[in-house]
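Asks: Handing you a structure now.
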Amino acid sequence: MLEARGVRKSFPRAGARGKAGPAERALDGVSAVFPTGELSVLLGPSGSGKSTLLRLFNRLLEPDEGVLLVDGADARGLDPVTLRRNTGYAIQGVGLFPHMSVAENIAVVPRLLGWDRDRIGRRVRELLEAVRLPASFASRRPRELSGGEAQRVGVARALAADPPVLLMDEPFGALDALTREALQVEFARIQGRLRKTVVFVTHDLAEAVLLADRLFILREGRLLRSGSPRELLAAAGDDFVADFLGARFGIEMLGRESAAAAAEYAGSGPAGGLIASAADLGGAAPLGPEASLRDALARMIAEGRTALPVEGPRGRGLLRIEAIALAGRAAAGAGGNDARR
Amino acid sequence: MHGATAIDGAAAAGVRSVAQWSGLAFLRRWWPPLVLALLFVLSVSRFDLLETALGPLLRRKTVFAARERLGVLALQHLGLVAATGAASFLAAFPLAVAAARREAGALRDLLLGAASFAETFPTVALMALLVPAVGYGFLPVGIALFLYGLLPVFRNTLVGLESTPPELVEAALGCGMNEGELLRLVRLPVAAPLVLEGLRVSLVVNIAAGAVGAAVGAGGLGVPIVSGLRAFDPVLILEGALPLALLALAADSFLRALEAGLAGRGSGRAGRQTRDSRKGAKHP
């Protein structure tokens, strides 16, 4: 578990004629708890202090005031080098070392930890597989990689020594939309398996909603609101938060909801037997069991339909557009049909 | 520097770099220094061939009266440059590494200033000052070349170490490297091509400046040039000037090839095309 208590941090700002200007306040009394095994997203506009907060946890920065706790221990009492070797760190610029091969880049932390050759070799192969890069990439140089490939290597490097904590600073920020989405989905898959304590910085709402177990909304160095995406959808609690999350928030939430779970099935819904025949729906291709409500909505818009057949766990069902509109809201209180997690 | 990496994939990389070193790829990179070195050796050992060819145009007026033969002079020159070059590098490199540390503060500027000052001092003036102090022979030239060799190595190493891209430093610290590991595993390897460039400039400048040695009795390829100037004998001048020029060019192109090898480690062959054609298939 990571925790910040009343953390303040200012940076000196360059003033006129080289004199130090008034300090710029990056964090203004932030307290937050990032639970073990959960993916916490720090979300906010640029300059809100997200990255600053993140970098306090591996002591790349030191707070002016306040305490940072790593599993209950005061970070100031931990050796920064040891702390960082036990904390994965992935950044937007990726920062792969250009003179090292992909394998050497991934192996940096294990090497620093003094792992033996065989163990490192095995680990590198494992990680390349985990981030879905072919084993032949081991001997490549960073300059031979595309942006998405480099970012995969960056994630693999952060995971290399199997650290319990992962700090990620807009790791997918510099990628094109398609690659970014592919990597987000893949990272969600990896995290679903590894259950690391992740703190993830982003200003991209869609990314935040897709990945977050818990959202932390920051603005001008203050933590405005935190909670699960559903809690925030149900009650933003603040005008800025409501504005920042915006009307799109509900649509982004649909990306987490399973279409199969929102569909009606023969014999279960009030419409009963009608569903079975309607589910054929003029030969429309059924949505797969993995499809989200956002996928379903996109299909409906593209095909001009108001209902689609769904292949669910209990056979063929019918998904109506009304169900989509209700799903996000209904789930907010109940916390029910989130089949993706 | 990072050769001790304990990685399986490194074996595969090794196989590839062996392939790179063999045959055509090797020749493509190394033919200029090889050809120039060969020409240098020829210009020293078989200057008579050139003299015969030039015979109708340039007539030798004096027989080369120096005690040493051209080969000995060339070896003297090489020894002088190698010794002073190595000494400059061994002095300037650690100093630059020390000056690049954050704690160096004002010392950094002081050292850079001192090295720049040594560089701006004219060779002849420096010699004129050194000869009365340390006498004739190897010593005054050696000291002068040593001082001239310092700046390029010092400046390039310093700039190279200081210009490590910030995101690499961030990543390295984030991985848990301490200052020493950051220097050894990231800053120095990234700066290596620039350091090598400093060494190249330092050596090439000293090969040329070494000719002054003849004036103070240190021998070297300057001897026929100085004698030739006295006797108004173009052939004699050429006998020193041609090997000298070829030596400088050979050293320059050798170190350039080495720099290119360092700067482009791992790039090139597996080029862009293979990557892009595969990319489409891999990220649907």
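Starting from 1 in every chain, residues are counted up; chains themselves are A, B, ... following the order of the structure tokens, and ligands are numbered from 1 as listed.
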Hey, what's within 9 Å of A:Gly6 if we count only C-alpha atoms and toss same-chain stuff fewer than 3 positions away? As a VMD selection string, please?

Replies: chain A and resid 28 to 32 65 to 68

Asks: Can I get the selected residues back with C-alpha atoms, as a PDB file, in the first residue's frame?

Replies:
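The resulting file, part.pdb, is shown below:
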ATOM      1  CA  ASP A  28      -0.716  21.642  -1.846  1.00  0.00           C
ATOM      2  CA  GLY A  29      -1.525  19.268   0.952  1.00  0.00           C
ATOM      3  CA  VAL A  30      -2.400  15.976  -0.724  1.00  0.00           C
ATOM      4  CA  SER A  31      -3.447  12.925   1.276  1.00  0.00           C
ATOM      5  CA  ALA A  32      -4.286   9.724  -0.564  1.00  0.00           C
ATOM      6  CA  GLU A  65       6.156  18.773   3.953  1.00  0.00           C
ATOM      7  CA  GLY A  66       4.205  15.646   4.685  1.00  0.00           C
ATOM      8  CA  VAL A  67       4.969  11.961   4.801  1.00  0.00           C
ATOM      9  CA  LEU A  68       5.029   9.221   2.165  1.00  0.00           C
TER      10      LEU A  68
END

Asks: Please find the residues of chain A near chain B - the criterion being any atom within 9 Å, counting only C-alpha atoms - and write them as a ChimeraX atom specification.

Replies: /A:58-60,80-91,93-104,107-109,111-112,115-122,124-125,133,135-141,143-146,157-158,178-179,182

Asks: May I ask for the distance between atom CA of B:Ile237 and atom CA of B:Leu58, given in Å to one decimal place?

Replies: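 So the two atoms, atom CA of B:Ile237 and atom CA of B:Leu58, lie 11.3 Å apart.
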
Asks: What's the 12 Å shell around A:Ser292, counting only C-alpha atoms, without same-chain residues fewer than 6 positions away, as an MDAnalysis selection string?

Replies: chainID A and resid 210 251:263 298:299 310 312 319 324 327:328 337:340

Asks: Find the residues around stretch 240-248 of chain A up to 10 Å (only C-alpha atoms counted), leave out those fewer than 3 positions away in its own chain, and share them as a VMD selection string.

Replies: chain A and resid 43 to 45 205 to 206 209 217 to 219 224 to 225 232 to 233 235 to 237 251 to 253

Asks: Could you please take those selected residues and save C-alpha atoms as a CSV table (one decimal), in the first residue's frame?

Replies:
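Just written: result-v2.csv:
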chain,number,residue,atom,x,y,z
A,43,LEU,CA,-6.2,12.1,-13.4
A,44,GLY,CA,-6.1,15.8,-14.0
A,45,PRO,CA,-5.2,18.6,-16.4
A,205,LEU,CA,-10.2,10.2,-19.5
A,206,ALA,CA,-10.8,7.2,-21.7
A,209,VAL,CA,-11.8,4.9,-17.1
A,217,ILE,CA,-8.9,13.7,-9.6
A,218,LEU,CA,-6.3,16.3,-9.1
A,219,ARG,CA,-6.3,20.0,-9.8
A,224,LEU,CA,-10.5,17.0,-5.4
A,225,ARG,CA,-12.1,13.6,-5.3
A,232,LEU,CA,-17.6,9.1,-9.5
A,233,LEU,CA,-20.2,8.6,-12.2
A,235,ALA,CA,-21.8,11.5,-7.8
A,236,ALA,CA,-19.1,13.7,-9.1
A,237,GLY,CA,-19.5,15.8,-5.9
A,251,ILE,CA,-19.8,6.8,-22.6
A,252,GLU,CA,-16.3,5.9,-21.6
A,253,MET,CA,-17.7,3.8,-18.7

Asks: When you draw a straight line from atom CA of B:Thr157 to atom CA of B:Glu259, how long is it in Å?

Replies: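 About the pair atom CA of B:Thr157 and atom CA of B:Glu259: they are 13.7 Å apart.
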
Asks: Run DSSP on the backbone and give me the residues of stretch 44-281 of chain B it puts in alpha helix (DSSP H), as a VMD selection string.

Replies: chain B and resid 44 to 45 47 to 54 70 to 99 106 to 120 123 to 134 138 to 162 166 to 174 179 to 181 188 to 209 222 to 230 234 to 263 272 to 281

Asks: Could you tell me which of A:Glu181, A:Asp204, A:Glu170, A:Glu264 comes closest to A:Gln92 if we count only C-alpha atoms?

Replies: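 Checking each candidate against A:Gln92, we get A:Glu170 as the closest.
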